[in-house]
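Accompanying notes for the structure given below.
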Amino acid sequence: MFQNRDEIRQIYLTVWQKLQQHKILEPMESVIADIIQLHPEYHALLDQGQSVRDEEFNPESGNSNPFLHMGIHIALREQTSTDRPTGIQKIHQKLSNRLGQHEAEHSMIECLGEALWIAQRNNSMPDDNKYLECLKKL
């Protein structure tokens, strides 16, 4: 959908502006808005507008990337809405019932991050079976 980091960040900024102005959101913008609203700790950052587009968030210096974090929430919601990999929807529902949706997703983020990291390291596709195994242990 987007070509580069700046375009991805711009969509978050645009959605944030629309939220502030109580404008109508497109369907995908509504998903992004929901994630933004769940993360008030990022609101001040989004208030910075265009200046945040070029900011570096280096894990080495203790800075987590809020755009990446919110993007992973969106990826998880896409996975659960399509039940891909098969079984993730059931796991998500079970965890959400126990922890609440937001905390369930935070738990699941660890497994997704690990699956993506291993795939990148091995220059391969993520292993759905190992990903689901990790999720089932939560």
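Labels used: A, B, ... for chains in the order of the structure tokens, numbers from 1 for residues in each chain, and numbers from 1 for ligands as shown.
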
Residues within 12 Å of A:Glu56, please, as a short mmCIF file (atom, residue, chain, number, x, y, z; two decimals) with N, CA and C atoms, in the first residue's frame. Count only C-alpha atoms; anything in the same chain fewer than 6 positions from it doesn't count.
data_model
loop_
_atom_site.label_atom_id
_atom_site.label_comp_id
_atom_site.auth_asym_id
_atom_site.auth_seq_id
_atom_site.Cartn_x
_atom_site.Cartn_y
_atom_site.Cartn_z
N ARG A 5 9.04 4.67 4.30
CA ARG A 5 8.82 5.04 5.69
C ARG A 5 8.07 6.36 5.82
N ASP A 6 8.45 7.36 5.04
CA ASP A 6 7.79 8.67 5.13
C ASP A 6 6.31 8.59 4.78
N ARG A 9 4.51 6.92 7.73
CA ARG A 9 4.38 7.86 8.84
C ARG A 9 3.36 8.95 8.52
N GLY A 62 17.68 2.93 23.13
CA GLY A 62 16.52 2.78 24.00
C GLY A 62 15.24 3.39 23.48
N ASN A 63 15.21 3.74 22.21
CA ASN A 63 14.03 4.35 21.62
C ASN A 63 13.25 3.33 20.80
N SER A 64 12.08 2.96 21.28
CA SER A 64 11.25 2.07 20.46
C SER A 64 10.55 2.91 19.40
N ASN A 65 10.25 2.29 18.29
CA ASN A 65 9.64 2.99 17.17
C ASN A 65 8.12 2.91 17.30
N PRO A 66 7.46 4.04 17.61
CA PRO A 66 6.01 4.01 17.79
C PRO A 66 5.25 3.65 16.52
N PHE A 67 5.79 4.03 15.36
CA PHE A 67 5.13 3.71 14.10
C PHE A 67 5.20 2.21 13.83
N LEU A 68 6.33 1.62 14.13
CA LEU A 68 6.47 0.18 13.98
C LEU A 68 5.54 -0.54 14.95
#

- Task: Quick one: everything within 9 Å of stretch 87-97 of chain A, counting only C-alpha atoms, minus sequence neighbours fewer than 5 positions away in the same chain. Send it as a PyMOL selection string.
- Result: chain A and resi 76+79-82+102-105+107-108+132+135-136+138

Residues near A:Gly49, cut-off 10 Å, only C-alpha atoms, skip fewer than 5 positions along chain, as a PDB file with C-alpha atoms, in the first residue's frame:
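Output contents, as saved in part.pdb:
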ATOM      1  CA  ARG A   9       4.382   7.860   8.838  1.00  0.00           C
ATOM      2  CA  GLN A  10       2.390  10.427   6.892  1.00  0.00           C
ATOM      3  CA  TYR A  12      -0.517   8.111  10.789  1.00  0.00           C
ATOM      4  CA  LEU A  13      -0.103  11.884  10.944  1.00  0.00           C
ATOM      5  CA  THR A  14      -3.029  12.413   8.577  1.00  0.00           C
ATOM      6  CA  TRP A  16      -4.237  11.852  13.802  1.00  0.00           C
ATOM      7  CA  GLN A  17      -5.110  15.247  12.269  1.00  0.00           C
ATOM      8  CA  ALA A  44       2.394  14.099  21.877  1.00  0.00           C
TER       9      ALA A  44
END

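When only C-alpha atoms are used to compute distances to A:Glu26, the closest of the residues A:Ile118, A:Ile11, A:Leu45, A:Glu78 turns out to be A:Ile11.
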
- Query: Could you work out how far atom CA of A:Glu110 lies from atom CA of A:Lys137, giving the answer in Å with one decimal?
  - Reply: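 Computed distance, atom CA of A:Lys137 to atom CA of A:Glu110, equals 11.6 Å.
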